[in-house]
>>> print(open('my_file-v9.pdb').read())   # PDB, C-alpha atoms
ATOM      1  CA  GLN A   1       4.390  15.393  -9.210  1.00  0.00           C
ATOM      2  CA  GLN A   2       2.809  12.151  -8.085  1.00  0.00           C
ATOM      3  CA  GLN A   3       5.851  11.135  -6.052  1.00  0.00           C
ATOM      4  CA  VAL A   4       6.183  10.923  -2.313  1.00  0.00           C
ATOM      5  CA  LYS A   5       9.779  11.115  -1.122  1.00  0.00           C
ATOM      6  CA  GLN A   6      10.639   9.353   2.122  1.00  0.00           C
ATOM      7  CA  SER A   7      13.747   9.453   4.287  1.00  0.00           C
ATOM      8  CA  PRO A   8      15.786   7.910   5.731  1.00  0.00           C
ATOM      9  CA  GLN A   9      15.970   4.558   3.926  1.00  0.00           C
ATOM     10  CA  SER A  10      17.021   2.860   7.127  1.00  0.00           C
ATOM     11  CA  LEU A  11      17.057   3.888  10.757  1.00  0.00           C
ATOM     12  CA  ILE A  12      18.472   2.335  13.892  1.00  0.00           C
ATOM     13  CA  VAL A  13      17.156   3.554  17.237  1.00  0.00           C
ATOM     14  CA  GLN A  14      17.837   2.403  20.770  1.00  0.00           C
ATOM     15  CA  LYS A  15      14.980   0.992  22.779  1.00  0.00           C
ATOM     16  CA  GLY A  16      13.103   3.808  24.459  1.00  0.00           C
ATOM     17  CA  GLY A  17      14.268   6.388  21.931  1.00  0.00           C
ATOM     18  CA  ILE A  18      12.266   8.421  19.422  1.00  0.00           C
ATOM     19  CA  SER A  19      12.081   7.232  15.808  1.00  0.00           C
ATOM     20  CA  ILE A  20      11.428   9.924  13.210  1.00  0.00           C
ATOM     21  CA  ILE A  21      10.629   9.289   9.556  1.00  0.00           C
ATOM     22  CA  ASN A  22      10.045  12.115   7.102  1.00  0.00           C
ATOM     23  CA  CYS A  23       8.085  12.421   3.875  1.00  0.00           C
ATOM     24  CA  ALA A  24       7.571  15.157   1.309  1.00  0.00           C
ATOM     25  CA  TYR A  25       5.103  15.486  -1.544  1.00  0.00           C
ATOM     26  CA  GLU A  26       4.446  17.781  -4.498  1.00  0.00           C
ATOM     27  CA  ASN A  27       0.836  17.228  -5.454  1.00  0.00           C
ATOM     28  CA  THR A  28      -1.315  19.673  -3.487  1.00  0.00           C
ATOM     29  CA  ALA A  29      -4.421  17.698  -4.482  1.00  0.00           C
ATOM     30  CA  PHE A  30      -3.473  14.903  -2.084  1.00  0.00           C
ATOM     31  CA  ASP A  31      -5.990  14.983   0.742  1.00  0.00           C
ATOM     32  CA  TYR A  32      -5.209  11.986   2.914  1.00  0.00           C
ATOM     33  CA  PHE A  33      -1.854  10.842   4.245  1.00  0.00           C
ATOM     34  CA  PRO A  34      -1.651   7.370   5.815  1.00  0.00           C
ATOM     35  CA  TRP A  35       1.325   5.585   7.293  1.00  0.00           C
ATOM     36  CA  TYR A  36       1.648   1.852   6.857  1.00  0.00           C
ATOM     37  CA  GLN A  37       3.710  -0.631   8.849  1.00  0.00           C
ATOM     38  CA  GLN A  38       4.933  -3.773   7.139  1.00  0.00           C
ATOM     39  CA  PHE A  39       6.475  -6.823   8.777  1.00  0.00           C
ATOM     40  CA  PRO A  40       8.377  -9.378   6.679  1.00  0.00           C
ATOM     41  CA  GLY A  41       6.016 -11.650   4.767  1.00  0.00           C
ATOM     42  CA  LYS A  42       2.988  -9.509   5.583  1.00  0.00           C
ATOM     43  CA  GLY A  43       1.017  -6.858   3.779  1.00  0.00           C
ATOM     44  CA  PRO A  44       1.139  -3.179   4.699  1.00  0.00           C
ATOM     45  CA  ALA A  45      -1.014  -2.505   7.755  1.00  0.00           C
ATOM     46  CA  LEU A  46      -2.524   0.928   8.346  1.00  0.00           C
ATOM     47  CA  LEU A  47      -0.881   2.538  11.361  1.00  0.00           C
ATOM     48  CA  ILE A  48      -2.183   6.090  11.502  1.00  0.00           C
ATOM     49  CA  ALA A  49      -3.433   8.671   9.017  1.00  0.00           C
ATOM     50  CA  ILE A  50      -3.982  12.411   8.800  1.00  0.00           C
ATOM     51  CA  ARG A  51      -5.890  14.893   6.687  1.00  0.00           C
ATOM     52  CA  PRO A  52      -4.246  18.178   5.632  1.00  0.00           C
ATOM     53  CA  ASP A  53      -6.556  20.342   7.730  1.00  0.00           C
ATOM     54  CA  VAL A  54      -4.889  18.991  10.885  1.00  0.00           C
ATOM     55  CA  SER A  55      -1.289  19.724  11.912  1.00  0.00           C
ATOM     56  CA  GLU A  56      -0.826  16.817  14.285  1.00  0.00           C
ATOM     57  CA  LYS A  57      -2.466  13.521  15.141  1.00  0.00           C
ATOM     58  CA  LYS A  58      -1.487  11.251  17.990  1.00  0.00           C
ATOM     59  CA  GLU A  59      -2.457   7.648  18.619  1.00  0.00           C
ATOM     60  CA  GLY A  60      -0.672   6.080  21.542  1.00  0.00           C
ATOM     61  CA  ARG A  61       3.076   6.212  20.884  1.00  0.00           C
ATOM     62  CA  PHE A  62       2.609   7.201  17.238  1.00  0.00           C
ATOM     63  CA  THR A  63       2.288  10.836  16.124  1.00  0.00           C
ATOM     64  CA  ILE A  64       1.990  12.337  12.657  1.00  0.00           C
ATOM     65  CA  SER A  65       3.135  15.933  12.248  1.00  0.00           C
ATOM     66  CA  PHE A  66       1.877  17.668   9.114  1.00  0.00           C
ATOM     67  CA  ASN A  67       3.212  20.886   7.571  1.00  0.00           C
ATOM     68  CA  LYS A  68       0.913  21.857   4.732  1.00  0.00           C
ATOM     69  CA  SER A  69       2.874  24.903   3.597  1.00  0.00           C
ATOM     70  CA  ALA A  70       6.104  22.896   3.364  1.00  0.00           C
ATOM     71  CA  LYS A  71       4.287  19.865   1.908  1.00  0.00           C
ATOM     72  CA  GLN A  72       5.948  17.623   4.441  1.00  0.00           C
ATOM     73  CA  PHE A  73       4.773  15.164   7.040  1.00  0.00           C
ATOM     74  CA  SER A  74       6.527  12.947   9.495  1.00  0.00           C
ATOM     75  CA  LEU A  75       5.956   9.975  11.766  1.00  0.00           C
ATOM     76  CA  HIS A  76       7.265  10.019  15.305  1.00  0.00           C
ATOM     77  CA  ILE A  77       7.406   6.833  17.348  1.00  0.00           C
ATOM     78  CA  MET A  78       7.900   7.605  21.012  1.00  0.00           C
ATOM     79  CA  ASP A  79       9.450   5.114  23.444  1.00  0.00           C
ATOM     80  CA  SER A  80      10.437   2.874  20.517  1.00  0.00           C
ATOM     81  CA  GLN A  81      10.284  -0.855  21.243  1.00  0.00           C
ATOM     82  CA  PRO A  82      11.919  -3.864  19.540  1.00  0.00           C
ATOM     83  CA  GLY A  83       8.444  -4.910  18.353  1.00  0.00           C
ATOM     84  CA  ASP A  84       8.318  -1.683  16.322  1.00  0.00           C
ATOM     85  CA  SER A  85      11.104  -3.010  14.095  1.00  0.00           C
ATOM     86  CA  ALA A  86       9.503  -3.100  10.641  1.00  0.00           C
ATOM     87  CA  THR A  87       9.402  -1.230   7.352  1.00  0.00           C
ATOM     88  CA  TYR A  88       7.330   1.941   7.423  1.00  0.00           C
ATOM     89  CA  PHE A  89       5.772   3.505   4.355  1.00  0.00           C
ATOM     90  CA  CYS A  90       4.250   6.931   4.109  1.00  0.00           C
ATOM     91  CA  ALA A  91       1.621   7.349   1.426  1.00  0.00           C
ATOM     92  CA  ALA A  92      -0.667   9.950  -0.065  1.00  0.00           C
ATOM     93  CA  ILE A  93      -3.954   9.750  -1.887  1.00  0.00           C
ATOM     94  CA  GLN A  94      -6.444  11.960  -3.645  1.00  0.00           C
ATOM     95  CA  GLY A  95     -10.029  10.840  -3.193  1.00  0.00           C
ATOM     96  CA  ALA A  96     -10.530   7.158  -3.994  1.00  0.00           C
ATOM     97  CA  GLN A  97      -7.640   6.998  -6.345  1.00  0.00           C
ATOM     98  CA  LYS A  98      -4.374   5.167  -6.025  1.00  0.00           C
ATOM     99  CA  LEU A  99      -2.217   5.295  -2.958  1.00  0.00           C
ATOM    100  CA  VAL A 100       1.180   6.739  -3.814  1.00  0.00           C
ATOM    101  CA  PHE A 101       3.787   5.216  -1.526  1.00  0.00           C
ATOM    102  CA  GLY A 102       7.139   6.484  -0.368  1.00  0.00           C
ATOM    103  CA  GLN A 103      10.219   4.298  -0.766  1.00  0.00           C
ATOM    104  CA  GLY A 104       9.973   2.894   2.744  1.00  0.00           C
ATOM    105  CA  THR A 105      12.121   3.099   5.863  1.00  0.00           C
ATOM    106  CA  ARG A 106      13.508  -0.008   7.475  1.00  0.00           C
ATOM    107  CA  LEU A 107      13.414   0.684  11.210  1.00  0.00           C
ATOM    108  CA  THR A 108      15.459  -1.378  13.646  1.00  0.00           C
ATOM    109  CA  ILE A 109      15.043  -0.900  17.385  1.00  0.00           C
ATOM    110  CA  ASN A 110      18.013  -2.210  19.329  1.00  0.00           C
ATOM    111  CA  PRO A 111      17.208  -3.713  22.730  1.00  0.00           C
TER     112      PRO A 111
ATOM    113  CA  GLU B  13     -11.480  -7.753  12.840  1.00  0.00           C
ATOM    114  CA  PRO B  14     -12.414  -8.272   9.178  1.00  0.00           C
ATOM    115  CA  GLU B  15      -9.475  -8.728   6.857  1.00  0.00           C
ATOM    116  CA  VAL B  16      -8.559  -9.042   3.205  1.00  0.00           C
ATOM    117  CA  THR B  17      -7.514 -12.579   2.340  1.00  0.00           C
ATOM    118  CA  GLN B  18      -5.375 -13.594  -0.618  1.00  0.00           C
ATOM    119  CA  THR B  19      -4.629 -16.948  -2.194  1.00  0.00           C
ATOM    120  CA  PRO B  20      -2.285 -18.544  -2.908  1.00  0.00           C
ATOM    121  CA  SER B  21       0.428 -17.197  -0.636  1.00  0.00           C
ATOM    122  CA  HIS B  22       3.081 -18.281  -3.138  1.00  0.00           C
ATOM    123  CA  GLN B  23       2.698 -19.047  -6.840  1.00  0.00           C
ATOM    124  CA  VAL B  24       5.489 -20.395  -9.013  1.00  0.00           C
ATOM    125  CA  THR B  25       4.828 -20.268 -12.757  1.00  0.00           C
ATOM    126  CA  GLN B  26       6.753 -20.818 -15.950  1.00  0.00           C
ATOM    127  CA  MET B  27       7.330 -17.740 -18.107  1.00  0.00           C
ATOM    128  CA  GLY B  28       4.581 -17.379 -20.697  1.00  0.00           C
ATOM    129  CA  GLN B  29       1.953 -19.115 -18.592  1.00  0.00           C
ATOM    130  CA  GLU B  30      -1.232 -17.518 -17.343  1.00  0.00           C
ATOM    131  CA  VAL B  31      -1.680 -16.927 -13.631  1.00  0.00           C
ATOM    132  CA  ILE B  32      -4.704 -15.896 -11.571  1.00  0.00           C
ATOM    133  CA  LEU B  33      -4.300 -14.324  -8.159  1.00  0.00           C
ATOM    134  CA  ARG B  34      -7.308 -14.351  -5.894  1.00  0.00           C
ATOM    135  CA  CYS B  35      -8.547 -11.994  -3.232  1.00  0.00           C
ATOM    136  CA  VAL B  36     -11.519 -11.827  -0.915  1.00  0.00           C
ATOM    137  CA  PRO B  37     -11.977  -8.175   0.097  1.00  0.00           C
ATOM    138  CA  ILE B  38     -13.645  -7.079   3.312  1.00  0.00           C
ATOM    139  CA  SER B  39     -17.339  -7.771   2.861  1.00  0.00           C
ATOM    140  CA  ASN B  40     -18.854  -4.275   3.080  1.00  0.00           C
ATOM    141  CA  HIS B  41     -16.115  -2.619   1.039  1.00  0.00           C
ATOM    142  CA  LEU B  42     -16.911  -1.201  -2.378  1.00  0.00           C
ATOM    143  CA  TYR B  43     -13.509  -0.219  -3.781  1.00  0.00           C
ATOM    144  CA  PHE B  44     -10.884  -2.780  -4.687  1.00  0.00           C
ATOM    145  CA  TYR B  45      -7.250  -2.412  -5.639  1.00  0.00           C
ATOM    146  CA  TRP B  46      -4.217  -4.351  -6.740  1.00  0.00           C
ATOM    147  CA  TYR B  47      -0.675  -3.251  -5.935  1.00  0.00           C
ATOM    148  CA  ARG B  48       2.640  -4.905  -6.440  1.00  0.00           C
ATOM    149  CA  GLN B  49       5.961  -4.758  -4.629  1.00  0.00           C
ATOM    150  CA  ILE B  50       9.139  -5.893  -6.298  1.00  0.00           C
ATOM    151  CA  LEU B  51      11.599  -7.211  -3.718  1.00  0.00           C
ATOM    152  CA  GLY B  52      13.148  -4.375  -1.712  1.00  0.00           C
ATOM    153  CA  GLN B  53      11.195  -1.667  -3.505  1.00  0.00           C
ATOM    154  CA  LYS B  54       8.166   0.440  -2.743  1.00  0.00           C
ATOM    155  CA  VAL B  55       4.584  -0.616  -3.194  1.00  0.00           C
ATOM    156  CA  GLU B  56       3.251   0.376  -6.640  1.00  0.00           C
ATOM    157  CA  PHE B  57      -0.358   0.842  -7.710  1.00  0.00           C
ATOM    158  CA  LEU B  58      -1.677  -1.373 -10.485  1.00  0.00           C
ATOM    159  CA  VAL B  59      -5.422  -0.896 -10.738  1.00  0.00           C
ATOM    160  CA  SER B  60      -8.539   0.225  -8.900  1.00  0.00           C
ATOM    161  CA  PHE B  61     -11.995  -1.258  -9.408  1.00  0.00           C
ATOM    162  CA  TYR B  62     -15.431  -0.009  -8.488  1.00  0.00           C
ATOM    163  CA  ASN B  63     -18.939  -0.958  -9.539  1.00  0.00           C
ATOM    164  CA  ASN B  64     -17.605  -3.739 -11.784  1.00  0.00           C
ATOM    165  CA  GLU B  65     -15.373  -1.418 -13.741  1.00  0.00           C
ATOM    166  CA  ILE B  66     -11.769  -0.343 -13.710  1.00  0.00           C
ATOM    167  CA  SER B  67     -11.680   3.198 -12.356  1.00  0.00           C
ATOM    168  CA  GLU B  68      -7.960   3.793 -12.747  1.00  0.00           C
ATOM    169  CA  LYS B  69      -4.933   1.839 -13.904  1.00  0.00           C
ATOM    170  CA  SER B  70      -1.211   2.466 -13.993  1.00  0.00           C
ATOM    171  CA  GLU B  71       1.255   2.154 -16.861  1.00  0.00           C
ATOM    172  CA  ILE B  72       2.263  -1.227 -15.449  1.00  0.00           C
ATOM    173  CA  PHE B  73      -1.262  -2.557 -15.990  1.00  0.00           C
ATOM    174  CA  ASP B  74      -0.981  -3.292 -19.703  1.00  0.00           C
ATOM    175  CA  ASP B  75      -2.993  -5.621 -21.934  1.00  0.00           C
ATOM    176  CA  GLN B  76      -1.480  -8.667 -20.246  1.00  0.00           C
ATOM    177  CA  PHE B  77      -3.331  -7.811 -17.038  1.00  0.00           C
ATOM    178  CA  SER B  78      -7.023  -8.039 -16.293  1.00  0.00           C
ATOM    179  CA  VAL B  79      -9.198  -7.900 -13.200  1.00  0.00           C
ATOM    180  CA  GLU B  80     -12.557  -9.413 -12.486  1.00  0.00           C
ATOM    181  CA  ARG B  81     -15.091  -9.706  -9.724  1.00  0.00           C
ATOM    182  CA  PRO B  82     -16.620 -13.027 -10.747  1.00  0.00           C
ATOM    183  CA  ASP B  83     -19.029 -13.210  -7.826  1.00  0.00           C
ATOM    184  CA  GLY B  84     -20.048 -11.220  -4.755  1.00  0.00           C
ATOM    185  CA  SER B  85     -16.940 -12.013  -2.781  1.00  0.00           C
ATOM    186  CA  ASN B  86     -13.893 -12.663  -4.976  1.00  0.00           C
ATOM    187  CA  PHE B  87     -11.684 -10.206  -6.810  1.00  0.00           C
ATOM    188  CA  THR B  88      -9.071 -11.617  -9.178  1.00  0.00           C
ATOM    189  CA  LEU B  89      -6.001 -10.430 -11.028  1.00  0.00           C
ATOM    190  CA  LYS B  90      -5.055 -12.348 -14.169  1.00  0.00           C
ATOM    191  CA  ILE B  91      -1.737 -12.101 -15.947  1.00  0.00           C
ATOM    192  CA  ARG B  92      -2.141 -13.670 -19.376  1.00  0.00           C
ATOM    193  CA  SER B  93       1.422 -14.386 -20.428  1.00  0.00           C
ATOM    194  CA  THR B  94       3.810 -13.941 -17.538  1.00  0.00           C
ATOM    195  CA  LYS B  95       7.271 -12.417 -17.912  1.00  0.00           C
ATOM    196  CA  LEU B  96      10.279 -12.722 -15.643  1.00  0.00           C
ATOM    197  CA  GLU B  97       9.794  -9.101 -14.551  1.00  0.00           C
ATOM    198  CA  ASP B  98       6.312  -9.929 -13.234  1.00  0.00           C
ATOM    199  CA  SER B  99       7.982 -11.630 -10.272  1.00  0.00           C
ATOM    200  CA  ALA B 100       6.866  -9.639  -7.234  1.00  0.00           C
ATOM    201  CA  MET B 101       4.549  -9.586  -4.249  1.00  0.00           C
ATOM    202  CA  TYR B 102       1.014  -8.740  -5.330  1.00  0.00           C
ATOM    203  CA  PHE B 103      -1.243  -7.129  -2.755  1.00  0.00           C
ATOM    204  CA  CYS B 104      -4.989  -6.780  -2.889  1.00  0.00           C
ATOM    205  CA  ALA B 105      -6.616  -3.952  -0.939  1.00  0.00           C
ATOM    206  CA  SER B 106     -10.126  -2.731  -0.342  1.00  0.00           C
ATOM    207  CA  SER B 107     -11.808   0.340   1.118  1.00  0.00           C
ATOM    208  CA  GLU B 108     -15.320   1.271   2.191  1.00  0.00           C
ATOM    209  CA  ASP B 109     -15.934   4.281   0.013  1.00  0.00           C
ATOM    210  CA  ASN B 110     -14.184   6.998  -1.898  1.00  0.00           C
ATOM    211  CA  HIS B 111     -13.806   9.699   0.699  1.00  0.00           C
ATOM    212  CA  ASN B 112     -10.542   9.286   2.528  1.00  0.00           C
ATOM    213  CA  GLN B 113     -11.341   5.848   3.843  1.00  0.00           C
ATOM    214  CA  PRO B 114      -8.265   3.731   4.540  1.00  0.00           C
ATOM    215  CA  GLN B 115      -7.282   0.942   2.208  1.00  0.00           C
ATOM    216  CA  HIS B 116      -6.824  -2.371   3.973  1.00  0.00           C
ATOM    217  CA  PHE B 117      -4.289  -4.770   2.521  1.00  0.00           C
ATOM    218  CA  GLY B 118      -4.048  -8.532   2.381  1.00  0.00           C
ATOM    219  CA  ASP B 119      -0.809 -10.365   3.105  1.00  0.00           C
ATOM    220  CA  GLY B 120      -0.063 -10.761  -0.569  1.00  0.00           C
ATOM    221  CA  THR B 121       0.801 -13.441  -3.083  1.00  0.00           C
ATOM    222  CA  ARG B 122       4.456 -13.968  -3.858  1.00  0.00           C
ATOM    223  CA  LEU B 123       4.625 -14.617  -7.622  1.00  0.00           C
ATOM    224  CA  SER B 124       7.801 -16.237  -8.896  1.00  0.00           C
ATOM    225  CA  ILE B 125       8.246 -16.536 -12.660  1.00  0.00           C
ATOM    226  CA  LEU B 126      10.812 -19.098 -13.794  1.00  0.00           C
TER     227      LEU B 126
END
>>> encode(input="my_file-v9.pdb", output="C-alpha cells")
Amino acid sequence: QQQVKQSPQSLIVQKGGISIINCAYENTAFDYFPWYQQFPGKGPALLIAIRPDVSEKKEGRFTISFNKSAKQFSLHIMDSQPGDSATYFCAAIQGAQKLVFGQGTRLTINP
Amino acid sequence: EPEVTQTPSHQVTQMGQEVILRCVPISNHLYFYWYRQILGQKVEFLVSFYNNEISEKSEIFDDQFSVERPDGSNFTLKIRSTKLEDSAMYFCASSEDNHNQPQHFGDGTRLSIL
C-alpha cells in the first residue's frame, strides 16, 4: 500500500514534443505529490509538486495532472528540450514522513 | 539558493569497517532525512530525524545504522560494520517543517564497499 508505481521505465521524445510520465498510488493518506528530476551524479531536485485538492498545476513547461478518484498523477513536459534529458521520479508523502518514490523514468530528448 | 551539502562525494571502505557520512542541511530546516539509491534503482527511505530524535525508520535501517546531529549544523549517518550490499548512493535531505514542505536533497555520497 505504500508503493508508488511509475511508468514508463524509459522514454524517448523528439525535441519539441510532449513527454508524459505516469504514476499511481494506493495509500489515500498521501497528501503531497512531488516530482523530482535527477541528472547523473546529482541528487534528486524538486521540480514541481501538487496537493490532492488540486487537479492540475503548471509551472512553465511542466504540468502535473492529478486524478484523485483514480489515484493517479502524471507529469507533462511541453516543448521538450535536450536539457530535459534526465531521470524523473514521482513521489508521495504523508505529513512529514518518508517520501515514497516511484521506480523512475529515464527520459531522453532527441535533438 | 541554500543547498544541502554532503561529504565526502565518494567513500571507499573495506567490508566490516565503520563509515560516517556527513551532511549539512539547509540552515533553517528542522527535519532531516537519509535515503539511499542502489545503482539503477529507486530512491529508498532510511530514516527521518526531528528534535534530536529518530521519528521514523525503515526496515533497512537496522542496528548497524545510526544517525546523529552532533552540533547545530551537521547531520551524520554511521554504518558500524559495512557489508557489500551497503554499496549505494546515500542522500541527505532536509525540510522546513512537517506540513507538506518539500524535501531538498544533497548530491549524495557514493559508498563503495570492497
>>> interface_residues(input="my_file-v9.pdb", of="chain B", to="chain A", cutoff="7 Å", atoms="only C-alpha atoms", output="list in words")
Gln53, Lys54, Val55, Phe57, Phe103, Asn110, His111, Asn112, His116, Phe117, Gly118, Asp119 and Gly120 of chain B
>>> atom_distance(input="my_file-v9.pdb", atom1="CA of Glu15 (chain B)", atom2="CA of Thr108 (chain A)")
26.9 Å
>>> closest_residue(input="my_file-v9.pdb", among="A:Phe66, A:Gln81, A:Leu75, A:Tyr88", to="Val13 (chain A)", atoms="only C-alpha atoms")
A:Gln81
>>> residues_around(input="my_file-v9.pdb", residues="Phe61 (chain B)", least_positions_apart="6", cutoff="8 Å", atoms="all atoms listed in the file", output="PDB file with C-alpha atoms, keeping the file's coordinate frame")
ATOM      1  CA  TYR B  43     -13.509  -0.219  -3.781  1.00  0.00           C
ATOM      2  CA  PHE B  44     -10.884  -2.780  -4.687  1.00  0.00           C
ATOM      3  CA  TYR B  45      -7.250  -2.412  -5.639  1.00  0.00           C
ATOM      4  CA  SER B  67     -11.680   3.198 -12.356  1.00  0.00           C
ATOM      5  CA  GLU B  68      -7.960   3.793 -12.747  1.00  0.00           C
TER       6      GLU B  68
END
>>> atom_distance(input="my_file-v9.pdb", atom1="CA of Asp75 (chain B)", atom2="CA of Val36 (chain B)")
23.5 Å
>>> residues_around(input="my_file-v9.pdb", residues="Ala70 (chain A)", least_positions_apart="4", cutoff="12 Å", atoms="all atoms listed in the file", output="number ranges by chain")
A: 23-28, 52, 55, 65-66, 74
>>> resolve_selection(input="my_file-v9.pdb", expression="the PyMOL selection byres ((chain B and resi 97-101) around 7)", output="ChimeraX atom specification")
/B:48-51,94-96,102-103,120-125
>>> atom_distance(input="my_file-v9.pdb", atom1="CA of Ser106 (chain B)", atom2="CA of Glu80 (chain B)")
14.1 Å
>>> closest_residue(input="my_file-v9.pdb", among="B:Arg92, B:Tyr62, B:Ile38, B:Phe73", to="Glu13 (chain B)", atoms="only C-alpha atoms")
B:Ile38
>>> residues_around(input="my_file-v9.pdb", residues="Ile32 (chain B)", least_positions_apart="6", cutoff="8 Å", atoms="all atoms listed in the file", output="tab-separated table (two decimals) with C-alpha atoms, in the frame of the given file")
chain	number	residue	atom	x	y	z
B	88	THR	CA	-9.07	-11.62	-9.18
B	89	LEU	CA	-6.00	-10.43	-11.03
B	90	LYS	CA	-5.06	-12.35	-14.17
B	91	ILE	CA	-1.74	-12.10	-15.95
>>> resolve_selection(input="my_file-v9.pdb", expression="the PyMOL selection byres ((chain A and resi 80) around 12)", output="ChimeraX atom specification")
/A:11-20,60-62,76-79,81-86,107-111
>>> closest_residue(input="my_file-v9.pdb", among="B:Leu33, B:Val59, B:Val79, B:Ile72", to="Gln18 (chain B)", atoms="only C-alpha atoms")
B:Leu33
>>> closest_residue(input="my_file-v9.pdb", among="B:Asn64, B:Ser93, B:Gln113, B:Ser107", to="Met27 (chain B)", atoms="all atoms listed in the file")
B:Ser93
>>> build_atoms(input="my_file-v9.pdb", residues="region 86-102 of chain A", atoms="N, CA and C atoms", output="compact mmCIF listing (two decimals), keeping the file's coordinate frame")
# COMPACT_ATOMS: atom_id res chain seq x y z
N ALA A 86 10.32 -2.79 11.82
CA ALA A 86 9.50 -3.10 10.64
C ALA A 86 9.89 -2.10 9.55
N THR A 87 9.26 -2.24 8.40
CA THR A 87 9.40 -1.23 7.35
C THR A 87 8.17 -0.33 7.39
N TYR A 88 8.41 0.96 7.36
CA TYR A 88 7.33 1.94 7.42
C TYR A 88 7.24 2.68 6.08
N PHE A 89 6.02 2.79 5.59
CA PHE A 89 5.77 3.50 4.36
C PHE A 89 4.84 4.67 4.63
N CYS A 90 5.22 5.85 4.17
CA CYS A 90 4.25 6.93 4.11
C CYS A 90 3.54 6.82 2.76
N ALA A 91 2.38 7.40 2.67
CA ALA A 91 1.62 7.35 1.43
C ALA A 91 0.74 8.58 1.34
N ALA A 92 0.24 8.83 0.16
CA ALA A 92 -0.67 9.95 -0.06
C ALA A 92 -1.71 9.53 -1.08
N ILE A 93 -2.87 10.12 -0.99
CA ILE A 93 -3.95 9.75 -1.89
C ILE A 93 -4.84 10.96 -2.13
N GLN A 94 -5.43 10.96 -3.32
CA GLN A 94 -6.44 11.96 -3.64
C GLN A 94 -7.75 11.21 -3.88
N GLY A 95 -8.74 11.49 -3.03
CA GLY A 95 -10.03 10.84 -3.19
C GLY A 95 -9.93 9.33 -3.09
N ALA A 96 -10.55 8.62 -4.02
CA ALA A 96 -10.53 7.16 -3.99
C ALA A 96 -9.51 6.60 -4.95
N GLN A 97 -8.61 7.42 -5.36
CA GLN A 97 -7.64 7.00 -6.34
C GLN A 97 -6.50 6.20 -5.70
N LYS A 98 -5.47 6.01 -6.45
CA LYS A 98 -4.37 5.17 -6.02
C LYS A 98 -3.62 5.78 -4.84
N LEU A 99 -3.18 4.90 -3.97
CA LEU A 99 -2.22 5.30 -2.96
C LEU A 99 -0.86 5.44 -3.64
N VAL A 100 -0.19 6.54 -3.34
CA VAL A 100 1.18 6.74 -3.81
C VAL A 100 2.09 6.56 -2.61
N PHE A 101 2.95 5.57 -2.67
CA PHE A 101 3.79 5.22 -1.53
C PHE A 101 5.16 5.86 -1.63
N GLY A 102 5.73 6.16 -0.44
CA GLY A 102 7.14 6.48 -0.37
C GLY A 102 7.99 5.22 -0.51
